[in-house]
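Participant: Pasting input-v8.txt here (compact mmCIF, C-alpha atoms):
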# COMPACT_ATOMS: atom_id res chain seq x y z
CA MET A 1 -16.17 -18.91 55.90
CA CYS A 2 -13.00 -17.55 54.29
CA THR A 3 -9.80 -18.66 56.02
CA GLN A 4 -6.89 -16.25 56.30
CA ILE A 5 -3.18 -17.02 56.26
CA ASP A 6 -0.19 -14.98 57.34
CA ALA A 7 2.04 -13.57 54.65
CA ILE A 8 5.74 -13.67 55.56
CA ILE A 9 7.42 -10.28 55.18
CA PRO A 10 11.25 -10.20 55.07
CA ASN A 11 13.55 -7.99 57.18
CA GLY A 12 11.47 -8.30 60.33
CA GLY A 13 8.27 -6.90 58.90
CA VAL A 14 4.86 -7.51 60.38
CA ALA A 15 2.90 -10.47 59.05
CA VAL A 16 -0.29 -9.46 57.25
CA ALA A 17 -3.37 -11.67 57.11
CA GLN A 18 -4.28 -12.62 53.53
CA PRO A 19 -7.60 -14.08 52.42
CA GLU A 20 -7.30 -17.75 51.53
CA TYR A 21 -8.94 -17.24 48.14
CA LEU A 22 -6.01 -15.04 47.07
CA ARG A 23 -3.55 -17.84 47.85
CA ILE A 24 -5.67 -20.34 45.91
CA ALA A 25 -5.99 -17.96 42.95
CA ALA A 26 -2.22 -17.45 42.97
CA ASP A 27 -1.63 -21.21 43.05
CA LEU A 28 -4.06 -21.86 40.19
CA ARG A 29 -2.47 -19.02 38.23
CA ARG A 30 0.94 -20.65 38.79
CA ARG A 31 -0.34 -24.05 37.67
CA ILE A 32 -1.77 -22.50 34.51
CA SER A 33 1.44 -20.57 33.78
CA SER A 34 3.52 -23.73 34.27
CA GLY A 35 1.44 -25.62 31.71
CA GLU A 36 -0.20 -28.00 34.13
CA PHE A 37 -3.47 -26.64 32.77
CA GLY A 38 -3.04 -25.51 29.19
CA PRO A 39 -5.22 -23.30 26.98
CA GLY A 40 -8.64 -24.90 26.59
CA ASP A 41 -8.07 -27.39 29.43
CA GLN A 42 -10.90 -27.85 31.90
CA LEU A 43 -10.14 -27.12 35.54
CA PRO A 44 -11.17 -29.60 38.23
CA THR A 45 -14.79 -29.35 39.35
CA LEU A 46 -15.85 -27.16 42.24
CA PRO A 47 -16.14 -30.09 44.67
CA ALA A 48 -12.74 -31.40 43.57
CA LEU A 49 -11.08 -28.03 44.17
CA CYS A 50 -12.79 -27.72 47.55
CA GLY A 51 -11.38 -31.09 48.53
CA GLU A 52 -7.92 -30.38 47.14
CA TYR A 53 -7.54 -27.05 48.92
CA ARG A 54 -9.68 -28.00 51.94
CA VAL A 55 -11.77 -24.85 51.83
CA SER A 56 -15.42 -23.95 51.34
CA GLU A 57 -17.18 -23.64 48.01
CA THR A 58 -17.46 -19.88 48.56
CA THR A 59 -13.68 -19.55 48.84
CA ILE A 60 -13.15 -21.48 45.60
CA ARG A 61 -15.79 -19.39 43.84
CA ASN A 62 -14.03 -16.20 44.97
CA ALA A 63 -10.68 -17.51 43.68
CA LEU A 64 -12.17 -18.50 40.32
CA GLY A 65 -14.00 -15.17 40.08
CA LEU A 66 -10.72 -13.34 40.44
CA LEU A 67 -9.09 -15.38 37.69
CA ARG A 68 -12.16 -14.91 35.50
CA ASN A 69 -11.97 -11.12 35.89
CA GLU A 70 -8.30 -11.30 34.90
CA GLY A 71 -9.25 -13.14 31.72
CA VAL A 72 -7.26 -16.22 32.75
CA ILE A 73 -10.24 -18.60 32.76
CA GLU A 74 -13.77 -18.68 31.38
CA SER A 75 -16.87 -20.51 32.54
CA ARG A 76 -19.73 -21.67 30.36
CA ALA A 77 -22.99 -23.33 31.27
CA ARG A 78 -22.71 -27.13 31.16
CA ALA A 79 -19.12 -26.81 29.92
CA GLY A 80 -17.32 -26.17 33.19
CA THR A 81 -14.42 -23.80 33.75
CA ARG A 82 -11.60 -23.80 31.24
CA VAL A 83 -8.28 -22.04 30.79
CA ARG A 84 -8.84 -19.21 28.36
CA PRO A 85 -6.59 -19.26 25.28
CA ARG A 86 -4.28 -16.26 25.47
CA PRO A 87 -4.04 -14.18 22.30
CA PRO A 88 -0.53 -13.71 20.90
CA VAL A 89 1.40 -10.55 21.69
CA HIS A 90 1.38 -8.00 18.87
CA ARG A 91 3.96 -5.28 18.38
CA MET A 92 2.90 -1.89 17.09
CA ALA A 93 5.92 -0.84 15.06
CA ALA A 94 7.06 2.77 14.86
CA ASP A 95 6.84 2.69 11.04
CA ARG A 96 3.42 1.04 10.75
CA TYR A 97 1.93 4.03 8.94
CA ARG A 98 4.40 3.74 6.08
CA ALA A 99 2.90 1.74 3.23
CA LYS A 100 3.12 1.29 -0.51
CA PRO A 101 0.32 3.18 -2.31
CA GLY A 102 -2.57 0.90 -3.26
CA ALA A 103 -1.35 -2.01 -1.14
CA LYS A 104 -4.10 -4.17 0.36
CA ALA A 105 -2.97 -3.50 3.90
CA THR A 106 -3.50 -1.03 6.73
CA PRO A 107 -1.52 -0.19 9.87
CA TYR A 108 -3.83 -2.61 11.69
CA THR A 109 -3.12 -5.58 9.40
CA ARG A 110 0.60 -4.88 9.68
CA ASP A 111 0.36 -4.71 13.49
CA GLN A 112 -1.49 -8.02 13.55
CA GLY A 113 0.63 -9.68 10.88
CA ILE A 114 -2.43 -10.79 8.91
CA GLY A 115 -3.47 -10.74 5.26
CA TRP A 116 -6.41 -8.86 3.78
CA SER A 117 -8.63 -11.96 3.72
CA GLU A 118 -8.13 -12.42 7.48
CA TYR A 119 -9.19 -8.86 8.24
CA ARG A 120 -12.79 -8.00 9.15
CA LEU A 121 -14.23 -4.68 10.22
CA ASP A 122 -17.53 -3.80 11.89
CA LYS A 123 -18.45 -0.19 11.21
CA ARG A 124 -21.09 2.41 12.00
CA PHE A 125 -21.06 6.01 10.70
CA GLU A 126 -22.90 9.03 12.10
CA LYS A 127 -22.76 12.80 11.81
CA VAL A 128 -21.90 14.64 15.03
CA HIS A 129 -20.79 18.09 16.20
CA ALA A 130 -17.40 18.68 17.80
CA ASP A 131 -17.59 19.06 21.56
CA ALA A 132 -14.94 21.01 23.47
CA GLU A 133 -12.56 18.03 23.64
CA LEU A 134 -12.78 17.19 19.93
CA ALA A 135 -12.55 20.87 18.99
CA ALA A 136 -9.28 21.11 20.92
CA LEU A 137 -7.92 18.00 19.18
CA PHE A 138 -8.93 19.29 15.74
CA GLU A 139 -7.94 22.87 16.63
CA CYS A 140 -11.32 23.98 15.34
CA GLU A 141 -14.39 25.72 16.73
CA PRO A 142 -16.79 23.75 18.95
CA GLY A 143 -19.84 22.71 17.00
CA GLU A 144 -18.03 21.97 13.72
CA ARG A 145 -19.73 19.11 11.87
CA LEU A 146 -17.80 15.85 11.90
CA LEU A 147 -18.32 12.34 10.61
CA ALA A 148 -17.83 9.82 13.43
CA ARG A 149 -16.78 6.38 12.24
CA HIS A 150 -17.09 3.65 14.87
CA PHE A 151 -14.99 0.57 14.13
CA VAL A 152 -14.35 -2.85 15.67
CA PHE A 153 -11.35 -4.61 14.13
CA TYR A 154 -11.16 -8.40 13.86
CA ASP A 155 -8.16 -10.66 13.36
CA ASN A 156 -10.07 -13.53 11.76
CA ASP A 157 -12.97 -13.87 14.26
CA GLN A 158 -11.20 -12.33 17.26
CA PRO A 159 -11.93 -8.65 18.06
CA THR A 160 -8.63 -7.03 19.03
CA GLN A 161 -9.16 -3.29 18.52
CA MET A 162 -11.96 -0.73 18.61
CA SER A 163 -11.94 2.94 17.76
CA THR A 164 -13.91 6.03 16.85
CA SER A 165 -12.35 7.99 14.01
CA TYR A 166 -13.53 11.53 13.24
CA VAL A 167 -13.10 13.41 9.98
CA ARG A 168 -14.40 16.85 9.03
CA TRP A 169 -17.78 16.61 7.32
CA ALA A 170 -16.85 19.47 4.98
CA ASP A 171 -13.91 17.37 3.71
CA VAL A 172 -15.74 14.10 3.09
CA ALA A 173 -19.40 14.93 2.33
CA GLY A 174 -20.44 13.30 -0.94
CA THR A 175 -17.16 11.38 -1.33
CA PRO A 176 -16.45 7.63 -1.10
CA VAL A 177 -14.77 8.26 2.26
CA ALA A 178 -18.18 9.06 3.78
CA ASP A 179 -19.70 5.76 2.63
CA PRO A 180 -19.14 2.83 5.03
CA ILE A 181 -19.48 0.39 2.15
CA ASN A 182 -15.91 1.32 1.16
CA GLU A 183 -14.47 0.13 4.47
CA PRO A 184 -12.00 -1.34 5.02
CA TRP A 185 -10.03 1.02 2.77
CA PRO A 186 -6.67 -0.29 1.49
CA GLY A 187 -3.95 1.91 2.94
CA GLY A 188 -6.15 3.13 5.79
CA THR A 189 -6.86 6.76 6.70
CA ARG A 190 -3.73 8.15 5.08
CA ALA A 191 -4.79 6.69 1.72
CA GLN A 192 -8.31 8.05 2.22
CA MET A 193 -6.98 11.55 2.77
CA ALA A 194 -4.75 11.21 -0.30
CA SER A 195 -7.84 10.38 -2.36
CA LEU A 196 -9.24 13.76 -1.26
CA GLY A 197 -6.06 15.59 -2.27
CA MET A 198 -4.72 15.87 1.27
CA ASN A 199 -1.10 14.89 1.79
CA VAL A 200 -0.64 13.60 5.36
CA THR A 201 2.93 14.24 6.48
CA ARG A 202 2.64 13.87 10.24
CA ILE A 203 0.84 11.52 12.64
CA THR A 204 0.77 12.07 16.39
CA GLU A 205 -0.24 9.54 19.04
CA SER A 206 -0.66 9.81 22.80
CA PHE A 207 -1.12 6.76 25.03
CA THR A 208 -2.80 6.00 28.35
CA ALA A 209 -3.62 2.74 30.13
CA ALA A 210 -6.67 1.95 32.27
CA MET A 211 -9.09 -0.77 33.22
CA PRO A 212 -11.74 -1.40 30.55
CA THR A 213 -15.20 0.03 30.57
CA GLU A 214 -18.06 -2.46 30.47
CA LEU A 215 -18.47 -1.79 26.74
CA GLU A 216 -14.75 -2.22 26.02
CA ALA A 217 -14.56 -5.49 27.97
CA ALA A 218 -17.60 -6.88 26.18
CA THR A 219 -16.51 -5.73 22.70
CA LEU A 220 -12.92 -6.98 22.99
CA ARG A 221 -14.00 -10.09 24.94
CA VAL A 222 -11.60 -9.50 27.82
CA GLY A 223 -12.06 -9.89 31.54
CA ALA A 224 -12.89 -6.85 33.62
CA GLY A 225 -9.46 -7.19 35.24
CA VAL A 226 -7.50 -7.02 31.97
CA PRO A 227 -6.14 -3.50 31.35
CA VAL A 228 -6.59 -1.78 28.02
CA LEU A 229 -4.35 0.57 26.10
CA ARG A 230 -6.13 3.71 24.87
CA TYR A 231 -4.56 6.16 22.50
CA THR A 232 -5.47 9.25 20.52
CA ARG A 233 -4.17 9.63 16.97
CA ARG A 234 -4.18 12.65 14.70
CA HIS A 235 -3.46 12.78 10.95
CA ILE A 236 -1.98 16.15 9.99
CA ALA A 237 -1.66 17.37 6.40
CA ASP A 238 1.37 19.16 4.95
CA THR A 239 -0.57 22.43 5.36
CA GLY A 240 -0.59 21.88 9.14
CA ARG A 241 -4.33 21.22 9.13
CA ILE A 242 -5.59 18.31 11.26
CA VAL A 243 -7.72 16.15 8.97
CA GLU A 244 -8.53 13.15 11.20
CA VAL A 245 -8.72 12.38 14.91
CA ALA A 246 -9.15 8.85 16.28
CA HIS A 247 -10.24 9.20 19.89
CA PRO A 248 -9.84 6.75 21.39
CA ILE A 249 -8.30 3.66 19.81
CA VAL A 250 -8.55 0.79 22.31
CA ARG A 251 -6.58 -2.45 22.47
CA ARG A 252 -6.09 -5.01 25.25
CA GLY A 253 -3.02 -3.90 27.14
CA ASP A 254 -1.59 -7.25 28.17
CA THR A 255 -0.91 -8.38 24.61
CA THR A 256 0.16 -5.10 22.98
CA VAL A 257 3.73 -3.82 22.75
CA VAL A 258 4.34 -0.34 21.34
CA ASP A 259 7.76 0.13 19.76
CA PHE A 260 9.39 3.54 19.48
CA VAL A 261 12.52 4.42 17.53
CA ILE A 262 14.34 7.57 18.63
CA ASP A 263 17.19 8.72 16.38
CA LEU A 264 19.62 11.01 18.14
CA ASP A 265 22.00 13.41 16.41
CA ASP A 266 25.68 12.99 17.17
Take the structure from the file and write it as structure tokens.
Facilitator:
Amino acid sequence: MCTQIDAIIPNGGVAVAQPEYLRIAADLRRRISSGEFGPGDQLPTLPALCGEYRVSETTIRNALGLLRNEGVIESRARAGTRVRPRPPVHRMAADRYRAKPGAKATPYTRDQGIGWSEYRLDKRFEKVHADAELAALFECEPGERLLARHFVFYDNDQPTQMSTSYVRWADVAGTPVADPINEPWPGGTRAQMASLGMNVTRITESFTAAMPTELEAATLRVGAGVPVLRYTRRHIADTGRIVEVAHPIVRRGDTTVVDFVIDLDD
């Protein structure tokens, strides 16, 4: 049976009963943050935790389940419960789309701070028709033929980003851009468009945050309680024509920092 404790509220507030498993989860989280249990360390066994906290096995399981959903710990058969290594924080710089022509790099490799040999990309291409949402993003008619490019980005062996990037089929049909064998493409999408004679002069991005879908959590190997950052990106040519839409790009939100630079006139 789950024990409850009273939370103390300052300024004469009313005490609120709190499930015991929340207190235990908070204490284990504190012990992990303090370094008592470091990345990769095994937590005490279930019976040991029951004895230490003087609660039932169900209460301990509920506390561990909460931490598991947050991505703090992971459990494996016959390996016990361990503190999950936390990926490093990566900053998405405001100028990440600026690159030297022909350089073996992309905005993703610059965000991650990795070299070309450390970069791996899973990809799947398919032809689709623009629905109402994509038509609005492309500023085209619904039903226009598009090439959907589904990507999972790896920093060494760790998946850290996933996206679906759409380009107009009329622009890429019969070109190297339509062949997944050419991915990853040095310079990324901007370089691809340049190879087609399209000069991208503007990129727009819009961001939202949410809890991950089941697919996102499984693909990025994050707990169901770890938020993700989703954003939509558009590459716009100097003619004003939208030549690519990535919708959405998904990254784990707890290790991503987006930097903006705003220059103001005097």
Participant: Any idea what the distance is between CA of Leu46 in chain A and CA of Gly80 in chain A?
Facilitator: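 Interatomic distance, CA of Leu46 in chain A to CA of Gly80 in chain A: 9.2 Å.
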Participant: Residues near Pro212 in chain A, anyone? I mean within 10 Å using only C-alpha atoms, not counting same-chain ones fewer than 5 positions away, as a ChimeraX atom specification.
Facilitator: /A:217-218,220,222-230,250-253
Participant: Using the selection just defined, write its residues with C-alpha atoms as a tab-separated table (two decimals), in the frame of the given file.
Facilitator:
chain	number	residue	atom	x	y	z
A	217	ALA	CA	-14.56	-5.49	27.97
A	218	ALA	CA	-17.60	-6.88	26.18
A	220	LEU	CA	-12.92	-6.98	22.99
A	222	VAL	CA	-11.60	-9.50	27.82
A	223	GLY	CA	-12.06	-9.89	31.54
A	224	ALA	CA	-12.89	-6.85	33.62
A	225	GLY	CA	-9.46	-7.19	35.24
A	226	VAL	CA	-7.50	-7.02	31.97
A	227	PRO	CA	-6.14	-3.50	31.35
A	228	VAL	CA	-6.59	-1.78	28.02
A	229	LEU	CA	-4.35	0.57	26.10
A	230	ARG	CA	-6.13	3.71	24.87
A	250	VAL	CA	-8.55	0.79	22.31
A	251	ARG	CA	-6.58	-2.45	22.47
A	252	ARG	CA	-6.09	-5.01	25.25
A	253	GLY	CA	-3.02	-3.90	27.14
Participant: Quick one: residues within 7 Å of range 105-108 of chain A, all atoms listed in the file counted, chain neighbours fewer than 6 positions away excluded, as a PyMOL selection string?
Facilitator: chain A and resi 96-97+116+186-188
Participant: Calculated over all atoms listed in the file, which of the candidates A:Gly115, A:Pro142, A:Pro87, A:Gly174 has the smallest distance to Gln158 in chain A?
Facilitator: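 The shortest atom-to-atom distance to Gln158 in chain A comes from A:Pro87.
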Participant: Restricting the calculation to only C-alpha atoms, which member of A:Lys104, A:Asn182, A:Met92, A:Tyr166 is positioned closest to Val261 in chain A?
Facilitator: A:Met92
Participant: Report as a PyMOL selection string all protein, DNA and RNA residues lying within 12 Å of Phe125 in chain A, evaluated on only C-alpha atoms, omitting residues in the same chain fewer than 4 positions from it.
Facilitator: chain A and resi 146-151+163-167+169+177-183
Participant: Keeping C-alpha atoms for every residue in the selection just given, could you write it to a file as a PDB file, in the frame of the given file?
Facilitator:
ATOM      1  CA  LEU A 146     -17.800  15.850  11.900  1.00  0.00           C
ATOM      2  CA  LEU A 147     -18.320  12.340  10.610  1.00  0.00           C
ATOM      3  CA  ALA A 148     -17.830   9.820  13.430  1.00  0.00           C
ATOM      4  CA  ARG A 149     -16.780   6.380  12.240  1.00  0.00           C
ATOM      5  CA  HIS A 150     -17.090   3.650  14.870  1.00  0.00           C
ATOM      6  CA  PHE A 151     -14.990   0.570  14.130  1.00  0.00           C
ATOM      7  CA  SER A 163     -11.940   2.940  17.760  1.00  0.00           C
ATOM      8  CA  THR A 164     -13.910   6.030  16.850  1.00  0.00           C
ATOM      9  CA  SER A 165     -12.350   7.990  14.010  1.00  0.00           C
ATOM     10  CA  TYR A 166     -13.530  11.530  13.240  1.00  0.00           C
ATOM     11  CA  VAL A 167     -13.100  13.410   9.980  1.00  0.00           C
ATOM     12  CA  TRP A 169     -17.780  16.610   7.320  1.00  0.00           C
ATOM     13  CA  VAL A 177     -14.770   8.260   2.260  1.00  0.00           C
ATOM     14  CA  ALA A 178     -18.180   9.060   3.780  1.00  0.00           C
ATOM     15  CA  ASP A 179     -19.700   5.760   2.630  1.00  0.00           C
ATOM     16  CA  PRO A 180     -19.140   2.830   5.030  1.00  0.00           C
ATOM     17  CA  ILE A 181     -19.480   0.390   2.150  1.00  0.00           C
ATOM     18  CA  ASN A 182     -15.910   1.320   1.160  1.00  0.00           C
ATOM     19  CA  GLU A 183     -14.470   0.130   4.470  1.00  0.00           C
TER      20      GLU A 183
END
Participant: From the set A:Ile242, A:Val200, A:Ala173, A:Val89, which residue has the shortest atom-to-atom contact distance to Thr160 in chain A, counting all atoms listed in the file?
Facilitator: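 With all atoms listed in the file as the atom set, the closest residue is A:Val89.
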Participant: Excluding Ala191 in chain A and its own-chain neighbours fewer than 3 positions away, which residues fall within 10 Å of it when counting only C-alpha atoms? Please give them as a list in words.
Facilitator: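 Answer for this query is Ala99, Lys100, Pro101, Gly102, Ala103, Thr106, Trp185, Pro186, Gly187, Gly188, Ala194, Ser195, Leu196, Gly197, Met198, Asn199 and Val200 of chain A.
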Participant: For a quick check of understanding, using all atoms listed in the file, which of A:Arg110, A:Arg82, A:Arg61, A:Arg54 has the smallest distance to Tyr21 in chain A?
Facilitator: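 Distance minimum relative to Tyr21 in chain A lands on A:Arg61.
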Participant: How many Å lie between CA of Ala237 in chain A and CA of Ile203 in chain A, rounded to one decimal?
Facilitator: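 We find that CA of Ala237 in chain A and CA of Ile203 in chain A lie 8.9 Å from each other.
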Participant: With distances taken over only C-alpha atoms, which residue among A:Val243, A:Val55, A:Ala63, A:Val83 lies nearest Ala170 in chain A?
Facilitator: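 Closest residue, counting only C-alpha atoms: A:Val243.
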